file query.txt (compact mmCIF, C-alpha atoms)
# COMPACT_ATOMS: atom_id res chain seq x y z
CA MET A 270 120.58 -33.85 10.13
CA GLU A 271 116.91 -32.91 9.98
CA LYS A 272 114.28 -35.58 9.37
CA PRO A 273 114.41 -36.44 5.66
CA ILE A 274 111.39 -35.75 3.45
CA ILE A 275 110.42 -39.06 1.86
CA GLU A 276 107.29 -39.41 -0.23
CA ILE A 277 105.51 -41.27 -2.96
CA VAL A 278 103.14 -38.92 -4.74
CA ASP A 279 100.84 -38.81 -7.76
CA ILE A 280 102.31 -35.61 -9.21
CA ILE A 281 105.72 -34.06 -8.54
CA ASP A 282 105.93 -30.31 -8.07
CA THR A 283 109.59 -29.54 -8.78
CA SER A 284 109.21 -25.99 -7.41
CA LEU A 285 109.00 -27.30 -3.83
CA VAL A 286 112.42 -28.84 -3.50
CA TYR A 287 114.50 -25.68 -3.09
CA GLY A 288 112.43 -24.55 -0.11
CA GLU A 289 112.56 -28.04 1.36
CA LEU A 290 116.36 -28.27 1.17
CA SER A 291 117.17 -24.65 1.96
CA HIS A 292 118.89 -24.41 5.34
CA ALA A 293 120.85 -21.70 7.15
CA GLY A 294 123.87 -23.96 7.58
CA SER A 295 123.90 -25.18 3.99
CA GLY A 296 126.10 -23.45 1.46
CA GLY A 297 125.22 -26.03 -1.17
CA ILE A 298 122.02 -27.66 -2.43
CA CYS A 299 122.15 -30.37 -5.07
CA VAL A 300 119.04 -31.77 -6.75
CA PHE A 301 118.46 -34.46 -9.36
CA VAL A 302 115.19 -34.59 -11.28
CA GLY A 303 114.36 -37.64 -13.39
CA ALA A 304 111.89 -37.07 -16.24
CA VAL A 305 110.20 -39.04 -19.01
CA ARG A 306 112.38 -39.23 -22.13
CA GLU A 307 110.81 -39.20 -25.56
CA PHE A 308 112.78 -42.09 -27.08
CA THR A 309 114.11 -45.45 -25.89
CA ASN A 310 116.39 -47.15 -28.42
CA LYS A 311 114.98 -44.92 -31.17
CA GLU A 312 111.42 -45.97 -30.34
CA GLU A 313 108.98 -43.24 -29.46
CA VAL A 314 107.68 -43.46 -25.90
CA VAL A 315 104.04 -42.52 -25.39
CA SER A 316 104.16 -42.58 -21.58
CA LEU A 317 105.65 -44.32 -18.58
CA GLU A 318 103.55 -46.08 -15.98
CA PHE A 319 104.96 -46.46 -12.45
CA GLU A 320 103.71 -48.70 -9.71
CA THR A 321 105.11 -49.39 -6.26
CA TYR A 322 104.92 -51.51 -3.16
CA ALA A 323 104.50 -48.34 -1.16
CA LYS A 324 105.08 -49.62 2.35
CA MET A 325 108.40 -51.21 1.40
CA ALA A 326 109.43 -48.38 -0.93
CA ILE A 327 109.11 -45.82 1.87
CA LYS A 328 111.12 -48.09 4.19
CA GLU A 329 113.89 -48.53 1.60
CA MET A 330 113.99 -44.81 0.85
CA LYS A 331 114.36 -44.08 4.59
CA LYS A 332 117.28 -46.54 4.75
CA ILE A 333 118.93 -44.86 1.76
CA ALA A 334 118.56 -41.44 3.40
CA ALA A 335 120.07 -42.80 6.62
CA GLU A 336 122.99 -44.35 4.71
CA ALA A 337 123.62 -41.06 2.91
CA SER A 338 123.64 -39.11 6.15
CA ASP A 339 126.16 -41.60 7.59
CA LYS A 340 128.46 -41.20 4.59
CA TRP A 341 128.30 -37.41 4.15
CA GLU A 342 127.77 -34.31 6.29
CA LEU A 343 124.22 -33.42 5.23
CA ASN A 344 121.64 -31.05 6.67
CA LYS A 345 118.56 -32.04 4.69
CA ILE A 346 117.48 -34.77 2.28
CA VAL A 347 114.49 -35.09 -0.06
CA ILE A 348 113.52 -38.31 -1.85
CA ARG A 349 110.22 -38.12 -3.74
CA HIS A 350 108.95 -40.48 -6.43
CA ALA A 351 105.81 -40.27 -8.52
CA ILE A 352 103.57 -43.18 -9.46
CA GLY A 353 100.90 -43.52 -12.13
CA VAL A 354 101.00 -42.61 -15.81
CA LYS A 355 103.54 -39.94 -16.80
CA SER A 356 103.90 -38.24 -20.18
CA VAL A 357 107.04 -37.13 -21.98
CA GLN A 358 108.92 -34.40 -20.07
CA GLU A 359 106.99 -34.92 -16.85
CA PRO A 360 109.12 -35.27 -13.71
CA VAL A 361 108.99 -38.72 -12.10
CA VAL A 362 111.58 -38.51 -9.34
CA VAL A 363 113.27 -35.78 -7.33
CA VAL A 364 116.15 -36.39 -4.93
CA GLY A 365 118.39 -33.85 -3.30
CA ALA A 366 120.51 -32.93 -0.33
CA SER A 367 121.91 -29.81 1.27
CA SER A 368 125.20 -29.49 3.08
CA ALA A 369 127.67 -26.89 4.38
CA HIS A 370 129.97 -27.45 1.39
CA ARG A 371 129.14 -28.59 -2.12
CA ASN A 372 131.08 -31.83 -2.26
CA ASP A 373 128.88 -33.60 0.29
CA CYS A 374 125.59 -32.72 -1.40
CA PHE A 375 126.91 -33.51 -4.91
CA GLU A 376 128.09 -36.98 -3.91
CA ALA A 377 125.05 -37.68 -1.75
CA CYS A 378 122.66 -36.69 -4.55
CA ARG A 379 124.23 -39.19 -6.94
CA PHE A 380 124.13 -41.89 -4.25
CA LEU A 381 120.45 -41.18 -3.56
CA ILE A 382 119.31 -41.66 -7.15
CA ASP A 383 121.68 -44.54 -7.97
CA THR A 384 120.68 -46.49 -4.86
CA LEU A 385 116.99 -45.74 -5.34
CA LYS A 386 117.20 -47.25 -8.81
CA GLU A 387 118.91 -50.37 -7.46
CA ARG A 388 116.77 -51.14 -4.44
CA VAL A 389 113.48 -49.31 -4.08
CA PRO A 390 110.49 -51.44 -5.15
CA ILE A 391 109.12 -49.23 -7.92
CA TRP A 392 108.42 -50.59 -11.38
CA LYS A 393 108.29 -48.72 -14.65
CA LYS A 394 106.46 -49.81 -17.77
CA GLU A 395 107.33 -48.09 -21.02
CA ILE A 396 104.28 -47.61 -23.20
CA PHE A 397 105.09 -47.43 -26.91
CA LYS A 398 102.58 -47.03 -29.73
CA ASN A 399 102.22 -50.77 -30.33
CA LYS A 400 103.52 -52.44 -27.18
CA SER A 401 104.49 -51.97 -23.56
CA VAL A 402 107.57 -53.22 -21.74
CA TRP A 403 108.46 -53.58 -18.05
CA VAL A 404 111.84 -51.86 -17.89
CA SER A 405 114.84 -54.04 -16.84
CA ALA A 406 112.64 -57.12 -16.34
CA HIS A 407 114.68 -59.28 -18.71
CA PRO A 408 118.45 -59.53 -19.24
CA MET B 138 99.38 -67.64 2.77
CA GLU B 139 98.84 -64.56 0.60
CA ILE B 140 101.51 -63.35 -1.78
CA LEU B 141 101.57 -59.82 -3.19
CA LEU B 142 102.65 -59.41 -6.81
CA PHE B 143 103.96 -56.32 -8.54
CA GLY B 144 105.14 -55.20 -11.97
CA ILE B 145 105.85 -58.02 -14.38
CA ALA B 146 105.19 -60.60 -11.63
CA LYS B 147 101.56 -59.49 -11.61
CA ASP B 148 101.38 -59.93 -15.40
CA ILE B 149 103.00 -63.38 -15.26
CA VAL B 150 100.54 -64.70 -12.69
CA GLY B 151 97.63 -62.65 -14.02
CA SER B 152 96.70 -61.32 -10.60
CA ALA B 153 97.94 -58.86 -7.97
CA GLN B 154 97.67 -61.51 -5.25
CA MET B 155 98.14 -65.23 -5.01
CA ASP B 156 96.79 -67.46 -2.25
CA LEU B 157 98.95 -70.49 -1.46
CA SER B 158 96.83 -71.71 1.48
CA GLU B 159 95.31 -74.47 -0.64
CA LEU B 160 98.63 -76.00 -1.65
CA LYS B 161 99.41 -79.45 -0.29
CA SER B 162 102.99 -78.53 0.51
CA ARG B 163 103.35 -74.86 1.12
CA PRO B 164 106.79 -73.32 0.60
CA SER B 165 108.42 -72.92 4.00
CA SER B 166 111.26 -70.62 2.99
CA VAL B 167 111.96 -67.82 0.52
CA GLY B 168 114.07 -70.21 -1.57
CA GLU B 169 111.24 -72.76 -1.72
CA LEU B 170 108.79 -70.04 -2.71
CA LYS B 171 111.08 -68.95 -5.57
CA ASP B 172 111.38 -72.60 -6.72
CA PHE B 173 107.61 -72.97 -6.57
CA LEU B 174 107.13 -69.82 -8.66
CA CYS B 175 109.68 -70.83 -11.28
CA ASP B 176 108.16 -74.33 -11.53
CA SER B 177 104.57 -73.05 -11.78
CA PHE B 178 105.35 -70.09 -14.04
CA PRO B 179 108.58 -70.69 -16.01
CA GLU B 180 108.58 -67.03 -17.07
CA PHE B 181 109.88 -66.18 -13.56
CA GLY B 182 113.08 -68.02 -14.41
CA ARG B 183 113.69 -65.75 -17.39
CA LEU B 184 113.70 -62.50 -15.38
CA SER B 185 116.92 -60.57 -14.71
CA SER B 186 116.42 -61.18 -10.99
CA LEU B 187 113.79 -62.36 -8.56
CA ALA B 188 113.60 -61.19 -4.96
CA VAL B 189 111.13 -61.82 -2.17
CA ALA B 190 110.22 -59.39 0.58
CA VAL B 191 108.99 -60.65 3.94
CA ASN B 192 107.18 -58.03 6.02
CA SER B 193 108.37 -55.39 3.56
CA GLU B 194 112.09 -56.18 3.86
CA TYR B 195 114.25 -57.99 1.31
CA ALA B 196 114.71 -61.58 2.52
CA GLU B 197 117.46 -64.15 1.89
CA ASP B 198 116.60 -67.55 0.37
CA ALA B 199 117.06 -69.22 3.76
CA ALA B 200 114.49 -66.97 5.49
CA VAL B 201 111.59 -68.97 6.93
CA LEU B 202 108.04 -68.02 5.97
CA GLU B 203 105.66 -67.83 8.93
CA VAL B 204 101.88 -67.79 8.83
CA GLY B 205 100.83 -64.15 8.94
CA ASP B 206 103.94 -62.80 7.22
CA GLU B 207 103.33 -60.26 4.48
CA ILE B 208 105.11 -61.78 1.51
CA ALA B 209 105.76 -59.94 -1.75
CA ILE B 210 107.40 -60.95 -5.01
CA ILE B 211 109.88 -58.31 -6.14
CA PRO B 212 110.78 -58.61 -9.84
CA PRO B 213 113.64 -56.39 -11.16
CA VAL B 214 113.00 -52.86 -9.90
CA SER B 215 113.10 -49.94 -12.32
CA GLY B 216 112.29 -46.74 -10.47
CA GLY B 217 113.76 -43.37 -11.34

call {"tool": "encode", "arguments": {"input": "query.txt", "output": "structure tokens"}}
result
Amino acid sequence: MEKPIIEIVDIIDTSLVYGELSHAGSGGICVFVGAVREFTNKEEVVSLEFETYAKMAIKEMKKIAAEASDKWELNKIVIRHAIGVKSVQEPVVVVGASSAHRNDCFEACRFLIDTLKERVPIWKKEIFKNKSVWVSAHP
Amino acid sequence: MEILLFGIAKDIVGSAQMDLSELKSRPSSVGELKDFLCDSFPEFGRLSSLAVAVNSEYAEDAAVLEVGDEIAIIPPVSGG
């Protein structure tokens, strides 16, 4: 597998990912984009604010990419997360993989986003009109 | 001993960093540090989870804290 592209950025450009994952040996490219949703539990979200422990987040994302390439036959991987304040509909995370056949990149893509959400030290605050909440902080 | 704080941990303590050098008995392990935090700021005990990273890796409660380690409090993560 080629060296994965792993980044934390201020703004995500979703038009880059196809070129980054495109590969002569890959018949399949699978990408997940996470974006800011307008409502949480019927409450209108004004924006999301992301912060990270960047050094550790990059390390964890590299581990996740390595685990994915052990589990599936992949040619390329992208894991990119945005930080800062994001408005409704803005992209906040892009993960994807390319592989010879579609099954590997489909399964790997799901693993990349699910594992990122479990382990990578990034925190999201939901800003509502009258309050703000750190997501998942409390049971 | 400097501790980095992120997310809700930063709000609970009211600062992005905490210096434990002045403490009479400094926590010597990850588990002791968690106990210290929950005793000093009970709000830590109400979180869904509480992890500590030593030198930017998740660390078990038994892990020993050395002078010069980079220590970070990792409240429940919520990326994506």

call {"tool": "interface_residues", "arguments": {"input": "query.txt", "of": "chain B", "to": "chain A", "cutoff": "7 Å", "atoms": "all atoms listed in the file", "output": "tab-separated table (two decimals) with C-alpha atoms, in the coordinates of the input"}}
result
chain	number	residue	atom	x	y	z
B	144	GLY	CA	105.14	-55.20	-11.97
B	145	ILE	CA	105.85	-58.02	-14.38
B	183	ARG	CA	113.69	-65.75	-17.39
B	184	LEU	CA	113.70	-62.50	-15.38
B	185	SER	CA	116.92	-60.57	-14.71
B	193	SER	CA	108.37	-55.39	3.56
B	194	GLU	CA	112.09	-56.18	3.86
B	211	ILE	CA	109.88	-58.31	-6.14
B	212	PRO	CA	110.78	-58.61	-9.84
B	213	PRO	CA	113.64	-56.39	-11.16
B	214	VAL	CA	113.00	-52.86	-9.90
B	215	SER	CA	113.10	-49.94	-12.32
B	216	GLY	CA	112.29	-46.74	-10.47
B	217	GLY	CA	113.76	-43.37	-11.34

call {"tool": "residues_around", "arguments": {"input": "query.txt", "residues": "A:Ala366", "least_positions_apart": "2", "cutoff": "8 Å", "atoms": "only C-alpha atoms", "output": "compact mmCIF listing (two decimals) with C-alpha atoms, keeping the file's coordinate frame"}}
result
# COMPACT_ATOMS: atom_id res chain seq x y z
CA LEU A 290 116.36 -28.27 1.17
CA ILE A 298 122.02 -27.66 -2.43
CA CYS A 299 122.15 -30.37 -5.07
CA VAL A 300 119.04 -31.77 -6.75
CA LEU A 343 124.22 -33.42 5.23
CA ASN A 344 121.64 -31.05 6.67
CA LYS A 345 118.56 -32.04 4.69
CA ILE A 346 117.48 -34.77 2.28
CA VAL A 347 114.49 -35.09 -0.06
CA VAL A 364 116.15 -36.39 -4.93
CA SER A 368 125.20 -29.49 3.08
CA CYS A 374 125.59 -32.72 -1.40
CA PHE A 375 126.91 -33.51 -4.91
CA ALA A 377 125.05 -37.68 -1.75
CA CYS A 378 122.66 -36.69 -4.55

call {"tool": "residues_around", "arguments": {"input": "query.txt", "residues": "B:Ile140", "least_positions_apart": "6", "cutoff": "10 Å", "atoms": "only C-alpha atoms", "output": "number ranges by chain"}}
result
B: 153-157, 170, 189-191, 206-210

call {"tool": "residues_around", "arguments": {"input": "query.txt", "residues": "A:Ile396", "least_positions_apart": "2", "cutoff": "8 Å", "atoms": "only C-alpha atoms", "output": "ChimeraX atom specification"}}
result
/A:314-318,394,398,400-402

call {"tool": "atom_distance", "arguments": {"input": "query.txt", "atom1": "atom CA of B:Met138", "atom2": "atom CA of B:Leu202"}}
result
9.2 Å
